>>> print(open('entry.pdb').read())   # PDB, C-alpha atoms, pLDDT in the B column
ATOM      1  CA  MET A   1      17.517   0.304 -23.894  1.00 89.00           C
ATOM      2  CA  ARG A   2      18.651  -3.292 -24.138  1.00 89.00           C
ATOM      3  CA  TRP A   3      22.232  -4.209 -23.330  1.00 90.00           C
ATOM      4  CA  GLU A   4      22.687  -5.243 -26.968  1.00 90.00           C
ATOM      5  CA  ASP A   5      21.799  -1.694 -28.061  1.00 93.00           C
ATOM      6  CA  TRP A   6      23.800   0.015 -25.325  1.00 95.00           C
ATOM      7  CA  LYS A   7      26.982  -2.039 -25.800  1.00 95.00           C
ATOM      8  CA  SER A   8      28.129  -0.272 -28.965  1.00 94.00           C
ATOM      9  CA  PHE A   9      27.574   3.150 -27.380  1.00 96.00           C
ATOM     10  CA  TYR A  10      29.380   2.027 -24.230  1.00 96.00           C
ATOM     11  CA  GLU A  11      32.416   0.675 -26.051  1.00 95.00           C
ATOM     12  CA  ARG A  12      32.779   3.950 -27.957  1.00 95.00           C
ATOM     13  CA  ILE A  13      32.365   6.034 -24.785  1.00 96.00           C
ATOM     14  CA  VAL A  14      35.006   3.979 -22.973  1.00 95.00           C
ATOM     15  CA  ARG A  15      37.384   4.321 -25.895  1.00 95.00           C
ATOM     16  CA  GLU A  16      36.929   8.054 -26.421  1.00 94.00           C
ATOM     17  CA  MET A  17      36.765   9.031 -22.729  1.00 93.00           C
ATOM     18  CA  GLY A  18      39.624   6.754 -21.676  1.00 93.00           C
ATOM     19  CA  TYR A  19      37.606   4.727 -19.161  1.00 95.00           C
ATOM     20  CA  SER A  20      38.282   1.201 -17.914  1.00 96.00           C
ATOM     21  CA  ILE A  21      35.672  -1.493 -18.539  1.00 97.00           C
ATOM     22  CA  GLU A  22      37.268  -3.615 -15.819  1.00 97.00           C
ATOM     23  CA  LYS A  23      36.985  -0.797 -13.276  1.00 97.00           C
ATOM     24  CA  ASP A  24      33.351  -0.240 -14.261  1.00 97.00           C
ATOM     25  CA  ARG A  25      32.656  -3.918 -13.649  1.00 98.00           C
ATOM     26  CA  LYS A  26      34.435  -3.879 -10.290  1.00 98.00           C
ATOM     27  CA  SER A  27      32.475  -0.801  -9.263  1.00 98.00           C
ATOM     28  CA  ALA A  28      29.181  -2.521 -10.142  1.00 98.00           C
ATOM     29  CA  GLU A  29      30.193  -5.540  -8.087  1.00 98.00           C
ATOM     30  CA  LEU A  30      31.110  -3.274  -5.175  1.00 98.00           C
ATOM     31  CA  LEU A  31      27.756  -1.497  -5.355  1.00 98.00           C
ATOM     32  CA  ARG A  32      25.943  -4.826  -5.411  1.00 98.00           C
ATOM     33  CA  ALA A  33      27.822  -5.993  -2.312  1.00 98.00           C
ATOM     34  CA  LEU A  34      27.098  -2.740  -0.465  1.00 98.00           C
ATOM     35  CA  LEU A  35      23.396  -2.918  -1.324  1.00 98.00           C
ATOM     36  CA  LEU A  36      23.108  -6.505  -0.132  1.00 97.00           C
ATOM     37  CA  GLU A  37      25.028  -5.718   3.038  1.00 96.00           C
ATOM     38  CA  GLY A  38      22.795  -2.780   3.896  1.00 91.00           C
ATOM     39  CA  ASP A  39      19.622  -4.545   2.757  1.00 84.00           C
ATOM     40  CA  ASP A  40      17.963  -1.208   1.997  1.00 87.00           C
ATOM     41  CA  TYR A  41      17.914  -1.465  -1.773  1.00 96.00           C
ATOM     42  CA  ILE A  42      14.906  -1.516  -4.077  1.00 97.00           C
ATOM     43  CA  LEU A  43      14.134  -3.372  -7.298  1.00 97.00           C
ATOM     44  CA  ARG A  44      12.938  -1.879 -10.564  1.00 96.00           C
ATOM     45  CA  GLU A  45       9.318  -2.828  -9.861  1.00 97.00           C
ATOM     46  CA  GLU A  46       9.313  -0.699  -6.726  1.00 96.00           C
ATOM     47  CA  LEU A  47      10.635   2.356  -8.553  1.00 97.00           C
ATOM     48  CA  GLU A  48       8.307   1.701 -11.475  1.00 97.00           C
ATOM     49  CA  ALA A  49       5.399   2.224  -9.071  1.00 96.00           C
ATOM     50  CA  VAL A  50       6.763   5.699  -8.250  1.00 95.00           C
ATOM     51  CA  ILE A  51       7.196   6.991 -11.803  1.00 96.00           C
ATOM     52  CA  GLY A  52       3.978   8.173 -13.408  1.00 95.00           C
ATOM     53  CA  LYS A  53       3.073   8.614 -17.055  1.00 97.00           C
ATOM     54  CA  LYS A  54       4.367  12.190 -17.009  1.00 98.00           C
ATOM     55  CA  ALA A  55       7.850  12.941 -15.700  1.00 98.00           C
ATOM     56  CA  TYR A  56       9.993  16.031 -15.457  1.00 98.00           C
ATOM     57  CA  VAL A  57      13.724  15.343 -15.612  1.00 98.00           C
ATOM     58  CA  PHE A  58      15.911  18.125 -14.255  1.00 98.00           C
ATOM     59  CA  GLY A  59      19.466  18.629 -15.455  1.00 96.00           C
ATOM     60  CA  ALA A  60      21.946  21.031 -13.887  1.00 93.00           C
ATOM     61  CA  GLY A  61      22.269  23.475 -16.779  1.00 93.00           C
ATOM     62  CA  PRO A  62      22.342  27.247 -16.187  1.00 93.00           C
ATOM     63  CA  SER A  63      18.698  27.658 -17.312  1.00 94.00           C
ATOM     64  CA  LEU A  64      17.449  25.447 -14.468  1.00 95.00           C
ATOM     65  CA  GLU A  65      16.963  28.269 -11.976  1.00 93.00           C
ATOM     66  CA  LEU A  66      14.873  30.292 -14.447  1.00 94.00           C
ATOM     67  CA  ALA A  67      12.646  27.308 -15.168  1.00 96.00           C
ATOM     68  CA  LEU A  68      12.120  26.579 -11.485  1.00 96.00           C
ATOM     69  CA  ASN A  69      10.972  30.168 -10.966  1.00 95.00           C
ATOM     70  CA  GLU A  70       8.698  30.221 -14.007  1.00 95.00           C
ATOM     71  CA  PHE A  71       6.910  26.865 -14.271  1.00 96.00           C
ATOM     72  CA  ASP A  72       4.688  24.623 -12.160  1.00 96.00           C
ATOM     73  CA  PHE A  73       5.869  21.009 -12.030  1.00 97.00           C
ATOM     74  CA  SER A  74       3.182  19.607  -9.736  1.00 96.00           C
ATOM     75  CA  ASP A  75       1.523  17.469 -12.433  1.00 97.00           C
ATOM     76  CA  GLY A  76       4.362  14.969 -12.915  1.00 98.00           C
ATOM     77  CA  THR A  77       7.059  12.877 -11.269  1.00 98.00           C
ATOM     78  CA  LEU A  78      10.151  14.923 -10.403  1.00 98.00           C
ATOM     79  CA  ILE A  79      13.367  13.149 -11.388  1.00 98.00           C
ATOM     80  CA  VAL A  80      16.609  15.033 -10.828  1.00 98.00           C
ATOM     81  CA  ALA A  81      20.140  14.497 -12.037  1.00 97.00           C
ATOM     82  CA  ASP A  82      22.621  14.614  -9.165  1.00 95.00           C
ATOM     83  CA  GLY A  83      23.568  18.258  -8.496  1.00 93.00           C
ATOM     84  CA  ALA A  84      20.183  19.549  -9.633  1.00 96.00           C
ATOM     85  CA  THR A  85      18.907  18.206  -6.311  1.00 97.00           C
ATOM     86  CA  SER A  86      20.307  21.295  -4.600  1.00 96.00           C
ATOM     87  CA  ALA A  87      18.511  23.655  -6.988  1.00 96.00           C
ATOM     88  CA  LEU A  88      15.162  21.943  -6.428  1.00 97.00           C
ATOM     89  CA  LEU A  89      15.549  21.996  -2.647  1.00 97.00           C
ATOM     90  CA  ASP A  90      16.429  25.705  -2.820  1.00 95.00           C
ATOM     91  CA  ALA A  91      13.195  26.210  -4.787  1.00 96.00           C
ATOM     92  CA  GLY A  92      11.166  24.373  -2.151  1.00 97.00           C
ATOM     93  CA  LEU A  93      10.665  21.231  -4.251  1.00 98.00           C
ATOM     94  CA  LEU A  94      11.371  17.683  -3.078  1.00 98.00           C
ATOM     95  CA  PRO A  95      12.478  15.336  -5.866  1.00 98.00           C
ATOM     96  CA  ASP A  96      10.713  12.005  -6.189  1.00 98.00           C
ATOM     97  CA  VAL A  97      13.807  10.326  -7.639  1.00 98.00           C
ATOM     98  CA  ILE A  98      17.474  11.353  -7.634  1.00 98.00           C
ATOM     99  CA  VAL A  99      19.775   9.849 -10.276  1.00 98.00           C
ATOM    100  CA  THR A 100      23.336  10.224  -9.031  1.00 97.00           C
ATOM    101  CA  ASP A 101      26.884   8.973  -9.226  1.00 97.00           C
ATOM    102  CA  LEU A 102      27.357  10.727  -5.856  1.00 96.00           C
ATOM    103  CA  ASP A 103      29.184  13.641  -7.453  1.00 92.00           C
ATOM    104  CA  GLY A 104      26.709  16.268  -6.252  1.00 91.00           C
ATOM    105  CA  ARG A 105      26.299  17.884  -2.848  1.00 93.00           C
ATOM    106  CA  ILE A 106      25.930  14.809  -0.645  1.00 96.00           C
ATOM    107  CA  SER A 107      24.327  16.737   2.226  1.00 96.00           C
ATOM    108  CA  ASP A 108      21.453  17.762  -0.059  1.00 97.00           C
ATOM    109  CA  ILE A 109      21.114  14.291  -1.584  1.00 97.00           C
ATOM    110  CA  LYS A 110      20.971  12.812   1.931  1.00 98.00           C
ATOM    111  CA  LEU A 111      18.446  15.436   3.066  1.00 98.00           C
ATOM    112  CA  ALA A 112      16.137  14.691   0.122  1.00 98.00           C
ATOM    113  CA  ASN A 113      16.575  10.953   0.669  1.00 98.00           C
ATOM    114  CA  ASP A 114      15.674  11.311   4.364  1.00 98.00           C
ATOM    115  CA  LYS A 115      12.541  13.207   3.333  1.00 98.00           C
ATOM    116  CA  GLY A 116      11.427  10.411   1.008  1.00 97.00           C
ATOM    117  CA  ALA A 117      13.252  10.731  -2.303  1.00 98.00           C
ATOM    118  CA  PHE A 118      14.291   7.469  -3.942  1.00 98.00           C
ATOM    119  CA  LEU A 119      17.899   7.169  -5.094  1.00 98.00           C
ATOM    120  CA  VAL A 120      19.262   5.664  -8.285  1.00 98.00           C
ATOM    121  CA  VAL A 121      22.959   5.291  -7.464  1.00 98.00           C
ATOM    122  CA  HIS A 122      25.283   4.704 -10.392  1.00 98.00           C
ATOM    123  CA  ALA A 123      28.535   2.729 -10.212  1.00 98.00           C
ATOM    124  CA  HIS A 124      31.454   3.533 -12.511  1.00 97.00           C
ATOM    125  CA  GLY A 125      35.183   3.062 -12.336  1.00 96.00           C
ATOM    126  CA  ASP A 126      35.924   6.473 -10.812  1.00 94.00           C
ATOM    127  CA  ASN A 127      33.496   6.525  -7.880  1.00 96.00           C
ATOM    128  CA  MET A 128      34.246   3.375  -5.866  1.00 98.00           C
ATOM    129  CA  GLY A 129      35.465   5.450  -2.925  1.00 97.00           C
ATOM    130  CA  LYS A 130      32.238   7.439  -2.866  1.00 97.00           C
ATOM    131  CA  LEU A 131      30.160   4.292  -3.065  1.00 98.00           C
ATOM    132  CA  THR A 132      31.959   2.873  -0.040  1.00 98.00           C
ATOM    133  CA  SER A 133      31.668   6.143   1.911  1.00 97.00           C
ATOM    134  CA  TYR A 134      28.060   7.092   1.196  1.00 97.00           C
ATOM    135  CA  VAL A 135      25.919   4.100   0.222  1.00 97.00           C
ATOM    136  CA  PRO A 136      25.794   2.690   3.798  1.00 96.00           C
ATOM    137  CA  PHE A 137      24.203   5.952   4.998  1.00 96.00           C
ATOM    138  CA  LEU A 138      21.573   6.203   2.269  1.00 97.00           C
ATOM    139  CA  SER A 139      18.286   4.344   1.812  1.00 97.00           C
ATOM    140  CA  ARG A 140      15.788   3.249  -0.843  1.00 97.00           C
ATOM    141  CA  ILE A 141      18.527   2.758  -3.428  1.00 98.00           C
ATOM    142  CA  LEU A 142      18.249   1.248  -6.879  1.00 98.00           C
ATOM    143  CA  GLY A 143      21.691   0.449  -8.252  1.00 98.00           C
ATOM    144  CA  THR A 144      22.819   1.022 -11.848  1.00 98.00           C
ATOM    145  CA  THR A 145      25.936   0.417 -13.909  1.00 98.00           C
ATOM    146  CA  GLN A 146      27.198   1.357 -17.366  1.00 97.00           C
ATOM    147  CA  ALA A 147      28.771  -2.098 -17.756  1.00 97.00           C
ATOM    148  CA  GLU A 148      26.931  -5.430 -17.952  1.00 96.00           C
ATOM    149  CA  PRO A 149      23.968  -5.437 -15.546  1.00 97.00           C
ATOM    150  CA  LEU A 150      23.926  -7.651 -12.469  1.00 97.00           C
ATOM    151  CA  ASP A 151      20.886  -9.105 -10.712  1.00 96.00           C
ATOM    152  CA  ILE A 152      20.151  -6.028  -8.559  1.00 97.00           C
ATOM    153  CA  VAL A 153      22.347  -3.524 -10.411  1.00 98.00           C
ATOM    154  CA  TYR A 154      20.580  -2.430 -13.585  1.00 98.00           C
ATOM    155  CA  ASN A 155      21.564  -0.852 -16.874  1.00 98.00           C
ATOM    156  CA  PHE A 156      18.757   1.069 -18.568  1.00 97.00           C
ATOM    157  CA  GLY A 157      21.103   2.964 -20.884  1.00 97.00           C
ATOM    158  CA  GLY A 158      22.451   6.485 -20.731  1.00 96.00           C
ATOM    159  CA  PHE A 159      25.821   7.964 -19.843  1.00 96.00           C
ATOM    160  CA  THR A 160      25.619  11.179 -17.812  1.00 95.00           C
ATOM    161  CA  ASP A 161      23.317  11.540 -14.814  1.00 96.00           C
ATOM    162  CA  GLY A 162      20.982  13.664 -16.934  1.00 96.00           C
ATOM    163  CA  ASP A 163      20.434  11.487 -19.974  1.00 97.00           C
ATOM    164  CA  ARG A 164      20.561   8.361 -17.796  1.00 98.00           C
ATOM    165  CA  ALA A 165      17.631   9.798 -15.821  1.00 98.00           C
ATOM    166  CA  VAL A 166      15.679  10.171 -19.064  1.00 98.00           C
ATOM    167  CA  PHE A 167      16.394   6.574 -20.067  1.00 98.00           C
ATOM    168  CA  LEU A 168      15.309   5.457 -16.604  1.00 98.00           C
ATOM    169  CA  ALA A 169      12.024   7.369 -16.834  1.00 98.00           C
ATOM    170  CA  GLU A 170      11.257   5.911 -20.258  1.00 98.00           C
ATOM    171  CA  GLU A 171      12.151   2.367 -19.234  1.00 97.00           C
ATOM    172  CA  LEU A 172      10.021   2.516 -16.093  1.00 97.00           C
ATOM    173  CA  GLY A 173       6.855   3.716 -17.739  1.00 97.00           C
ATOM    174  CA  ALA A 174       6.843   7.476 -18.336  1.00 98.00           C
ATOM    175  CA  ARG A 175       5.251   8.308 -21.673  1.00 97.00           C
ATOM    176  CA  GLU A 176       5.656  12.098 -21.557  1.00 98.00           C
ATOM    177  CA  ILE A 177       9.088  13.297 -20.451  1.00 98.00           C
ATOM    178  CA  ILE A 178       9.893  16.991 -20.169  1.00 98.00           C
ATOM    179  CA  LEU A 179      13.562  17.914 -19.884  1.00 98.00           C
ATOM    180  CA  VAL A 180      14.421  20.957 -17.766  1.00 98.00           C
ATOM    181  CA  GLY A 181      17.883  22.487 -17.492  1.00 95.00           C
ATOM    182  CA  PHE A 182      19.337  20.457 -20.369  1.00 95.00           C
ATOM    183  CA  ASP A 183      21.290  23.238 -22.081  1.00 92.00           C
ATOM    184  CA  PHE A 184      24.330  21.496 -23.620  1.00 88.00           C
ATOM    185  CA  GLY A 185      25.911  24.872 -24.286  1.00 84.00           C
ATOM    186  CA  GLU A 186      29.192  26.630 -23.595  1.00 84.00           C
ATOM    187  CA  VAL A 187      28.358  27.187 -19.930  1.00 84.00           C
ATOM    188  CA  VAL A 188      28.151  24.600 -17.142  1.00 84.00           C
ATOM    189  CA  GLY A 189      25.551  25.195 -14.443  1.00 83.00           C
ATOM    190  CA  LYS A 190      26.793  25.927 -10.933  1.00 87.00           C
ATOM    191  CA  TRP A 191      24.947  22.868  -9.592  1.00 83.00           C
ATOM    192  CA  SER A 192      27.018  20.474 -11.699  1.00 82.00           C
ATOM    193  CA  LYS A 193      29.861  20.301  -9.183  1.00 77.00           C
ATOM    194  CA  PRO A 194      29.835  21.111  -5.448  1.00 77.00           C
ATOM    195  CA  GLY A 195      32.926  23.310  -5.837  1.00 71.00           C
ATOM    196  CA  LEU A 196      31.336  25.676  -8.376  1.00 77.00           C
ATOM    197  CA  LYS A 197      30.131  28.985  -6.953  1.00 75.00           C
ATOM    198  CA  GLU A 198      28.871  30.348 -10.281  1.00 85.00           C
ATOM    199  CA  HIS A 199      28.169  29.063 -13.763  1.00 88.00           C
ATOM    200  CA  ALA A 200      31.452  28.235 -15.496  1.00 82.00           C
ATOM    201  CA  PRO A 201      32.792  27.864 -19.051  1.00 87.00           C
ATOM    202  CA  VAL A 202      32.497  24.301 -20.273  1.00 83.00           C
ATOM    203  CA  TRP A 203      35.673  22.231 -20.009  1.00 80.00           C
ATOM    204  CA  GLU A 204      36.765  19.684 -22.607  1.00 90.00           C
ATOM    205  CA  SER A 205      35.728  16.456 -20.852  1.00 88.00           C
ATOM    206  CA  LYS A 206      32.341  18.007 -20.068  1.00 89.00           C
ATOM    207  CA  ARG A 207      31.945  19.018 -23.706  1.00 92.00           C
ATOM    208  CA  LYS A 208      32.529  15.390 -24.729  1.00 93.00           C
ATOM    209  CA  LYS A 209      29.948  14.231 -22.181  1.00 92.00           C
ATOM    210  CA  PHE A 210      27.430  16.748 -23.524  1.00 92.00           C
ATOM    211  CA  LYS A 211      27.977  15.407 -27.036  1.00 95.00           C
ATOM    212  CA  PHE A 212      27.358  11.820 -25.986  1.00 94.00           C
ATOM    213  CA  ALA A 213      24.322  12.810 -23.926  1.00 95.00           C
ATOM    214  CA  GLN A 214      22.777  14.634 -26.886  1.00 96.00           C
ATOM    215  CA  GLU A 215      23.425  11.688 -29.196  1.00 97.00           C
ATOM    216  CA  LEU A 216      21.848   9.258 -26.739  1.00 97.00           C
ATOM    217  CA  LEU A 217      18.787  11.439 -26.206  1.00 97.00           C
ATOM    218  CA  GLU A 218      18.324  11.727 -29.963  1.00 97.00           C
ATOM    219  CA  TRP A 219      18.491   7.925 -30.165  1.00 97.00           C
ATOM    220  CA  LEU A 220      15.847   7.621 -27.466  1.00 97.00           C
ATOM    221  CA  GLU A 221      13.553  10.132 -29.189  1.00 97.00           C
ATOM    222  CA  LYS A 222      13.653   7.957 -32.321  1.00 97.00           C
ATOM    223  CA  ASN A 223      13.565   4.527 -30.697  1.00 96.00           C
ATOM    224  CA  GLY A 224      11.762   4.931 -27.385  1.00 95.00           C
ATOM    225  CA  ARG A 225       8.071   4.920 -26.578  1.00 96.00           C
ATOM    226  CA  ALA A 226       7.897   8.222 -24.703  1.00 97.00           C
ATOM    227  CA  GLU A 227       7.310  11.687 -26.114  1.00 98.00           C
ATOM    228  CA  ILE A 228      10.342  13.771 -25.128  1.00 98.00           C
ATOM    229  CA  ARG A 229      10.186  17.549 -24.971  1.00 97.00           C
ATOM    230  CA  TYR A 230      12.520  20.289 -23.741  1.00 96.00           C
ATOM    231  CA  ILE A 231      11.849  23.446 -21.791  1.00 95.00           C
ATOM    232  CA  LYS A 232      14.271  25.842 -23.458  1.00 83.00           C
ATOM    233  CA  LEU A 233      15.155  29.092 -21.715  1.00 84.00           C
ATOM    234  CA  SER A 234      18.048  31.513 -22.152  1.00 76.00           C
ATOM    235  CA  PRO A 235      19.809  32.148 -18.819  1.00 62.00           C
TER     236      PRO A 235
END
>>> encode(input="entry.pdb", output="structure tokens")
Amino acid sequence: MRWEDWKSFYERIVREMGYSIEKDRKSAELLRALLLEGDDYILREELEAVIGKKAYVFGAGPSLELALNEFDFSDGTLIVADGATSALLDAGLLPDVIVTDLDGRISDIKLANDKGAFLVVHAHGDNMGKLTSYVPFLSRILGTTQAEPLDIVYNFGGFTDGDRAVFLAEELGAREIILVGFDFGEVVGKWSKPGLKEHAPVWESKRKKFKFAQELLEWLEKNGRAEIRYIKLSP
């Protein structure tokens, strides 16, 4: 997704969610500085070489556990959204790429990263503290922002970790993308937040995020080059 296409979505998201464009920009600048300081960042071409023509993108919905028990995912690139990292590790699977705003279980994200997973770390106005705390201890990081892109901090489109992972896969060459654990229902999966012990009723801000994510994925299905399919299960 080009910045020109994303901008109208972004301005509406900021307005409806009550976010600060200035804070988003400052967060992107902070991430850029941290990446340059650590010198362990990667560019899009390096991640493009990792993502194959077929990619599975794992969200943290309540159906994720069922899908992990039922299907074989060995024929594609495994891209996970943040908290879904924990579910894959529990199932004995190592993600190839983790798309995260550092809101998931950091110990699991670090473990997967140490074992070879690439990280796509997202900067937004509410996670500057986490960027400062965790980025120096992580490696093989590609930086992203939801504001204007910088030289080594990209914007491929997408809002939540889940739909942003789909936009990333499409932009970097996947032509068949299968979405797993993207439920968008009345229940939030227990992997969505480290503090959740069980699946929980959806809260209002999460409901708004689901709505935007669905709208963006529908846009990508119509305007992107990849075939996008869902694995739909009832938890």
>>> residues_around(input="entry.pdb", residues="Asp96 of chain A", least_positions_apart="5", cutoff="12 Å", atoms="all atoms listed in the file", output="MDAnalysis selection string")
chainID A and resid 47:52 55:58 73:74 76:81 85 88:89 109 112:120 140 169
>>> residues_around(input="entry.pdb", residues="Val202 of chain A", least_positions_apart="4", cutoff="12 Å", atoms="all atoms listed in the file", output="list in words")
Gly61, Pro62, Asp183, Phe184, Gly185, Glu186, Val187, Val188, Gly189, Lys190, Ser192, Lys206, Arg207, Lys208, Lys209 and Phe210 of chain A
>>> atom_distance(input="entry.pdb", atom1="atom CA of Asp24 of chain A", atom2="atom CA of Pro149 of chain A")
10.8 Å
>>> atom_distance(input="entry.pdb", atom1="atom CA of Arg225 of chain A", atom2="atom CA of Lys54 of chain A")
12.6 Å
>>> closest_residue(input="entry.pdb", among="A:Ser139, A:Arg105, A:Glu65, A:Asp75", to="Asp90 of chain A", atoms="all atoms listed in the file")
A:Glu65
>>> closest_residue(input="entry.pdb", among="A:Val153, A:Leu216, A:Tyr19, A:Thr100", to="Phe167 of chain A", atoms="all atoms listed in the file")
A:Leu216
>>> closest_residue(input="entry.pdb", among="A:Leu168, A:Asp151, A:Val180, A:Glu215", to="Leu66 of chain A", atoms="all atoms listed in the file")
A:Val180
>>> closest_residue(input="entry.pdb", among="A:Val99, A:Met1, A:Pro136, A:Asn127", to="Leu36 of chain A", atoms="only C-alpha atoms")
A:Pro136
>>> closest_residue(input="entry.pdb", among="A:Gln146, A:Thr132, A:Ser205, A:Gln214", to="Tyr10 of chain A", atoms="all atoms listed in the file")
A:Gln146
>>> resolve_selection(input="entry.pdb", expression="the PyMOL selection byres ((chain A and resi 218) around 12)", output="VMD selection string")
chain A and resid 158 163 166 to 167 211 to 217 219 to 224 227 to 229
>>> closest_residue(input="entry.pdb", among="A:Ala87, A:Ala174, A:Ala200, A:Ile231", to="Lys53 of chain A", atoms="all atoms listed in the file")
A:Ala174
>>> atom_distance(input="entry.pdb", atom1="atom CA of Glu170 of chain A", atom2="atom CA of Arg2 of chain A")
12.4 Å
>>> decode(input="entry.pdb", residues="segment 164-180 of chain A", atoms="N, CA, C and O atoms", output="CSV table (one decimal), in the first residue's frame")
chain,number,residue,atom,x,y,z
A,164,ARG,N,-1.6,-5.7,9.6
A,164,ARG,CA,-0.3,-5.2,9.2
A,164,ARG,C,0.6,-6.3,8.7
A,164,ARG,O,1.3,-6.1,7.8
A,165,ALA,N,0.5,-7.5,9.3
A,165,ALA,CA,1.3,-8.6,8.9
A,165,ALA,C,0.9,-9.1,7.5
A,165,ALA,O,1.7,-9.5,6.7
A,166,VAL,N,-0.4,-9.0,7.2
A,166,VAL,CA,-0.9,-9.4,5.9
A,166,VAL,C,-0.4,-8.4,4.9
A,166,VAL,O,0.0,-8.8,3.8
A,167,PHE,N,-0.5,-7.1,5.2
A,167,PHE,CA,0.0,-6.1,4.2
A,167,PHE,C,1.5,-6.3,4.0
A,167,PHE,O,2.0,-6.2,2.8
A,168,LEU,N,2.2,-6.6,5.0
A,168,LEU,CA,3.7,-6.9,4.9
A,168,LEU,C,3.9,-8.0,4.0
A,168,LEU,O,4.8,-8.0,3.0
A,169,ALA,N,3.2,-9.1,4.2
A,169,ALA,CA,3.4,-10.3,3.4
A,169,ALA,C,3.1,-10.0,1.9
A,169,ALA,O,3.9,-10.5,1.0
A,170,GLU,N,2.1,-9.3,1.6
A,170,GLU,CA,1.7,-9.0,0.2
A,170,GLU,C,2.8,-8.1,-0.4
A,170,GLU,O,3.2,-8.3,-1.5
A,171,GLU,N,3.2,-7.1,0.3
A,171,GLU,CA,4.2,-6.1,-0.2
A,171,GLU,C,5.5,-6.8,-0.5
A,171,GLU,O,6.2,-6.4,-1.4
A,172,LEU,N,5.9,-7.8,0.3
A,172,LEU,CA,7.2,-8.4,0.2
A,172,LEU,C,7.2,-9.7,-0.6
A,172,LEU,O,8.1,-10.4,-0.6
A,173,GLY,N,6.1,-9.9,-1.4
A,173,GLY,CA,6.2,-10.9,-2.4
A,173,GLY,C,5.3,-12.1,-2.3
A,173,GLY,O,5.2,-13.0,-3.2
A,174,ALA,N,4.6,-12.3,-1.1
A,174,ALA,CA,3.7,-13.5,-1.0
A,174,ALA,C,2.5,-13.3,-2.0
A,174,ALA,O,2.0,-12.2,-2.1
A,175,ARG,N,2.2,-14.4,-2.7
A,175,ARG,CA,1.0,-14.3,-3.6
A,175,ARG,C,-0.1,-15.2,-3.2
A,175,ARG,O,-1.2,-15.2,-3.8
A,176,GLU,N,0.1,-16.0,-2.2
A,176,GLU,CA,-1.0,-16.8,-1.5
A,176,GLU,C,-0.8,-16.6,0.0
A,176,GLU,O,0.2,-17.0,0.5
A,177,ILE,N,-1.8,-16.0,0.6
A,177,ILE,CA,-1.8,-15.6,2.0
A,177,ILE,C,-3.0,-16.3,2.7
A,177,ILE,O,-4.1,-16.0,2.4
A,178,ILE,N,-2.7,-17.1,3.6
A,178,ILE,CA,-3.7,-17.8,4.4
A,178,ILE,C,-3.8,-17.3,5.8
A,178,ILE,O,-2.8,-17.3,6.5
A,179,LEU,N,-4.9,-16.7,6.2
A,179,LEU,CA,-5.1,-16.1,7.5
A,179,LEU,C,-5.6,-17.1,8.5
A,179,LEU,O,-6.6,-17.8,8.3
A,180,VAL,N,-4.9,-17.2,9.6
A,180,VAL,CA,-5.3,-18.2,10.7
A,180,VAL,C,-5.5,-17.5,12.0
A,180,VAL,O,-4.7,-16.6,12.4
